[in-house]
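Here is the structure we will look at, set down as structure tokens.
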Amino acid sequence: IYTLSLHDALPDLSSGINAEYGRKREVAGFLAHIAQETTGGWDTAPGGRYAWGLYFPEEMGCDKGNCAPYCAVVPEYPCVAGKGYHGRGPIQLSYNYNYGLFSKQYLGDKMILLNDPDRVKKDGELAFVSALWFWMTPQSPKPSCHDALVGNWVPTEKDLKCGRKPGFGVTINIVNGGVECNHKPMKSKTFHRVETYKLFCKKLGTTPGANLNCETQQQFAAFCG
């Protein structure tokens, strides 16, 4: 049931890739991000740290109202009083503009999720659609994670000056660049994100490719000279 509805709603994951290894890399990348974004694992966890993906349906602590509202001043997607737009779902959809745009494109009305952002964590199908939507949708100046990982995205001169090149590393920048990128040494969550990607690549019988982390990348909003 979910496969049919997802296929009707979104472009094919791994479309535009000719080589089998590329398709496998993209699946590994998507799984790595949703595993890291929702992980409940720790170093001595039963089964190992990387066996605990898809554990939390929303950002840790936010179920008790301890999160910032994640409300940006974007008139097209107004925040609703009393609602918070923290991370929810497998990719941790965040901020009012993402909830509003996804709601508009998938549900046909931007206000549905702006009024009821909790729907993303309560409706399992909608949660996964939100993750695939984020993965496949470019939001300028960011390319989509799909295009960045499969080689469809061609970095501009500014991207290259900012250290951004195709590969798994730039997908980290797209998903969480303001927190994880341009940090030396690499943050632990970034390290575990990359290790999770390598693990899925190995399980799927492919190689991870180049440019795996973003420790020397500026986020997309940065001015790099």
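Lettering and numbering for the structure tokens are positional, with chains as A, B, ... in the shown order, residues counted from 1 in each chain, and ligands counted from 1 in the shown order.
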Give one line per residue of range 126-188 of chain A that approaches range 107-110 of chain A to at most 12 Å, naming the two atoms of the closest pair and their distance in Å to one decimal, counting only C-alpha atoms; sort by chain then ascending residue number and deliver it as a Markdown table.
| residue | atom | partner | partner_atom | distance |
| --- | --- | --- | --- | --- |
| A:Leu126 | CA | A:Leu107 | CA | 9.7 |
| A:Val129 | CA | A:Leu107 | CA | 10.9 |
| A:Ser130 | CA | A:Leu107 | CA | 10.9 |
| A:Trp133 | CA | A:Leu107 | CA | 12.0 |
For the selection just defined, write its residues with all heavy atoms to a file, as a compact mmCIF listing (two decimals), in the first residue's frame.
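Listed below is the output, again_21.txt:
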# COMPACT_ATOMS: atom_id res chain seq x y z
N LEU A 126 2.84 9.14 6.13
CA LEU A 126 3.17 10.55 5.90
C LEU A 126 4.59 10.85 6.36
O LEU A 126 5.31 11.62 5.72
CB LEU A 126 2.18 11.46 6.65
CG LEU A 126 2.32 12.96 6.39
CD1 LEU A 126 1.96 13.29 4.94
CD2 LEU A 126 1.43 13.75 7.36
N VAL A 129 6.89 9.61 3.67
CA VAL A 129 6.77 10.48 2.49
C VAL A 129 7.53 11.78 2.73
O VAL A 129 8.20 12.29 1.83
CB VAL A 129 5.29 10.77 2.17
CG1 VAL A 129 5.19 11.79 1.04
CG2 VAL A 129 4.55 9.51 1.76
N SER A 130 7.45 12.33 3.94
CA SER A 130 8.16 13.58 4.24
C SER A 130 9.66 13.41 4.07
O SER A 130 10.35 14.30 3.57
CB SER A 130 7.84 14.07 5.65
OG SER A 130 8.51 13.33 6.65
N TRP A 133 10.34 13.09 0.32
CA TRP A 133 10.14 14.42 -0.28
C TRP A 133 11.36 15.30 -0.03
O TRP A 133 11.87 15.94 -0.96
CB TRP A 133 8.90 15.08 0.32
CG TRP A 133 8.74 16.52 -0.08
CD1 TRP A 133 8.18 17.00 -1.22
CD2 TRP A 133 9.18 17.67 0.66
NE1 TRP A 133 8.24 18.39 -1.23
CE2 TRP A 133 8.85 18.82 -0.09
CE3 TRP A 133 9.81 17.85 1.90
CZ2 TRP A 133 9.14 20.11 0.35
CZ3 TRP A 133 10.11 19.13 2.33
CH2 TRP A 133 9.77 20.25 1.56
Just want the 6 Å neighbourhood of range 180-190 of chain A, counted on only C-alpha atoms, with same-chain residues fewer than 4 positions away dropped. Output as a PDB file with all heavy atoms, in the first residue's frame.
ATOM      1  N   CYS A 214      31.853  16.419   5.745  1.00  0.00           N
ATOM      2  CA  CYS A 214      31.729  17.848   5.406  1.00  0.00           C
ATOM      3  C   CYS A 214      32.529  18.732   6.359  1.00  0.00           C
ATOM      4  O   CYS A 214      32.197  19.900   6.535  1.00  0.00           O
ATOM      5  CB  CYS A 214      30.254  18.265   5.394  1.00  0.00           C
ATOM      6  SG  CYS A 214      29.417  18.136   6.996  1.00  0.00           S
ATOM      7  N   GLU A 215      33.581  18.181   6.949  1.00  0.00           N
ATOM      8  CA  GLU A 215      34.322  18.946   7.948  1.00  0.00           C
ATOM      9  C   GLU A 215      35.037  20.158   7.367  1.00  0.00           C
ATOM     10  O   GLU A 215      35.369  21.101   8.089  1.00  0.00           O
ATOM     11  CB  GLU A 215      35.305  18.046   8.694  1.00  0.00           C
ATOM     12  CG  GLU A 215      36.411  17.457   7.851  1.00  0.00           C
ATOM     13  CD  GLU A 215      37.340  16.577   8.670  1.00  0.00           C
ATOM     14  OE1 GLU A 215      37.211  16.561   9.905  1.00  0.00           O
ATOM     15  OE2 GLU A 215      38.197  15.898   8.066  1.00  0.00           O
ATOM     16  N   THR A 216      35.267  20.183   6.046  1.00  0.00           N
ATOM     17  CA  THR A 216      35.892  21.351   5.413  1.00  0.00           C
ATOM     18  C   THR A 216      34.911  22.102   4.519  1.00  0.00           C
ATOM     19  O   THR A 216      35.315  22.974   3.765  1.00  0.00           O
ATOM     20  CB  THR A 216      37.120  20.924   4.589  1.00  0.00           C
ATOM     21  OG1 THR A 216      36.702  20.017   3.555  1.00  0.00           O
ATOM     22  CG2 THR A 216      38.167  20.262   5.458  1.00  0.00           C
ATOM     23  N   GLN A 217      33.632  21.780   4.618  1.00  0.00           N
ATOM     24  CA  GLN A 217      32.620  22.450   3.800  1.00  0.00           C
ATOM     25  C   GLN A 217      31.930  23.571   4.571  1.00  0.00           C
ATOM     26  O   GLN A 217      31.557  23.384   5.722  1.00  0.00           O
ATOM     27  CB  GLN A 217      31.530  21.450   3.370  1.00  0.00           C
ATOM     28  CG  GLN A 217      31.978  20.377   2.418  1.00  0.00           C
ATOM     29  CD  GLN A 217      30.816  19.488   1.993  1.00  0.00           C
ATOM     30  OE1 GLN A 217      29.660  19.900   2.041  1.00  0.00           O
ATOM     31  NE2 GLN A 217      31.123  18.267   1.585  1.00  0.00           N
ATOM     32  N   GLN A 218      31.756  24.700   3.907  1.00  0.00           N
ATOM     33  CA  GLN A 218      30.907  25.747   4.447  1.00  0.00           C
ATOM     34  C   GLN A 218      29.452  25.395   4.152  1.00  0.00           C
ATOM     35  O   GLN A 218      29.153  24.766   3.136  1.00  0.00           O
ATOM     36  CB  GLN A 218      31.241  27.089   3.801  1.00  0.00           C
ATOM     37  CG  GLN A 218      32.665  27.566   4.023  1.00  0.00           C
ATOM     38  CD  GLN A 218      32.866  28.173   5.407  1.00  0.00           C
ATOM     39  OE1 GLN A 218      31.903  28.505   6.072  1.00  0.00           O
ATOM     40  NE2 GLN A 218      34.100  28.323   5.814  1.00  0.00           N
TER      41      GLN A 218
END
Margin query: Just want the 10 Å neighbourhood of Tyr50 in chain A, counted on only C-alpha atoms, with same-chain residues fewer than 5 positions away dropped. Output as a PyMOL selection string.
Written below: chain A and resi 32+35-36+39-43+45+192-193+195-196+199
Note to self: Can you tell me which residues surround Gly124 in chain A at a distance of at most 10 Å, considering only C-alpha atoms, apart from same-chain residues fewer than 6 positions away, and format the answer as a list in words?
What the structure shows: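 So the residues in contact are Tyr2, Pro57, Gly89, Pro90 and Ser130 of chain A.
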Once you have the residues from the selection above, write them out as a PDB file, in the first residue's frame, restricted to N, CA, C and O atoms.
ATOM      1  N   TYR A   2       1.857   1.272   0.908  1.00  0.00           N
ATOM      2  CA  TYR A   2       2.727   2.433   0.997  1.00  0.00           C
ATOM      3  C   TYR A   2       3.526   2.614  -0.288  1.00  0.00           C
ATOM      4  O   TYR A   2       3.705   3.719  -0.769  1.00  0.00           O
ATOM      5  N   PRO A  57      10.606   8.963  17.029  1.00  0.00           N
ATOM      6  CA  PRO A  57       9.771   9.536  15.974  1.00  0.00           C
ATOM      7  C   PRO A  57       9.872  11.056  15.864  1.00  0.00           C
ATOM      8  O   PRO A  57       9.407  11.655  14.898  1.00  0.00           O
ATOM      9  N   GLY A  89       9.631  12.659  12.152  1.00  0.00           N
ATOM     10  CA  GLY A  89       9.713  11.714  11.050  1.00  0.00           C
ATOM     11  C   GLY A  89      11.126  11.210  10.824  1.00  0.00           C
ATOM     12  O   GLY A  89      12.078  11.635  11.498  1.00  0.00           O
ATOM     13  N   PRO A  90      11.316  10.304   9.875  1.00  0.00           N
ATOM     14  CA  PRO A  90      12.620   9.666   9.656  1.00  0.00           C
ATOM     15  C   PRO A  90      13.754  10.630   9.323  1.00  0.00           C
ATOM     16  O   PRO A  90      14.889  10.407   9.723  1.00  0.00           O
ATOM     17  N   SER A 130       7.451  12.326   3.945  1.00  0.00           N
ATOM     18  CA  SER A 130       8.163  13.577   4.236  1.00  0.00           C
ATOM     19  C   SER A 130       9.660  13.405   4.066  1.00  0.00           C
ATOM     20  O   SER A 130      10.348  14.303   3.574  1.00  0.00           O
TER      21      SER A 130
END
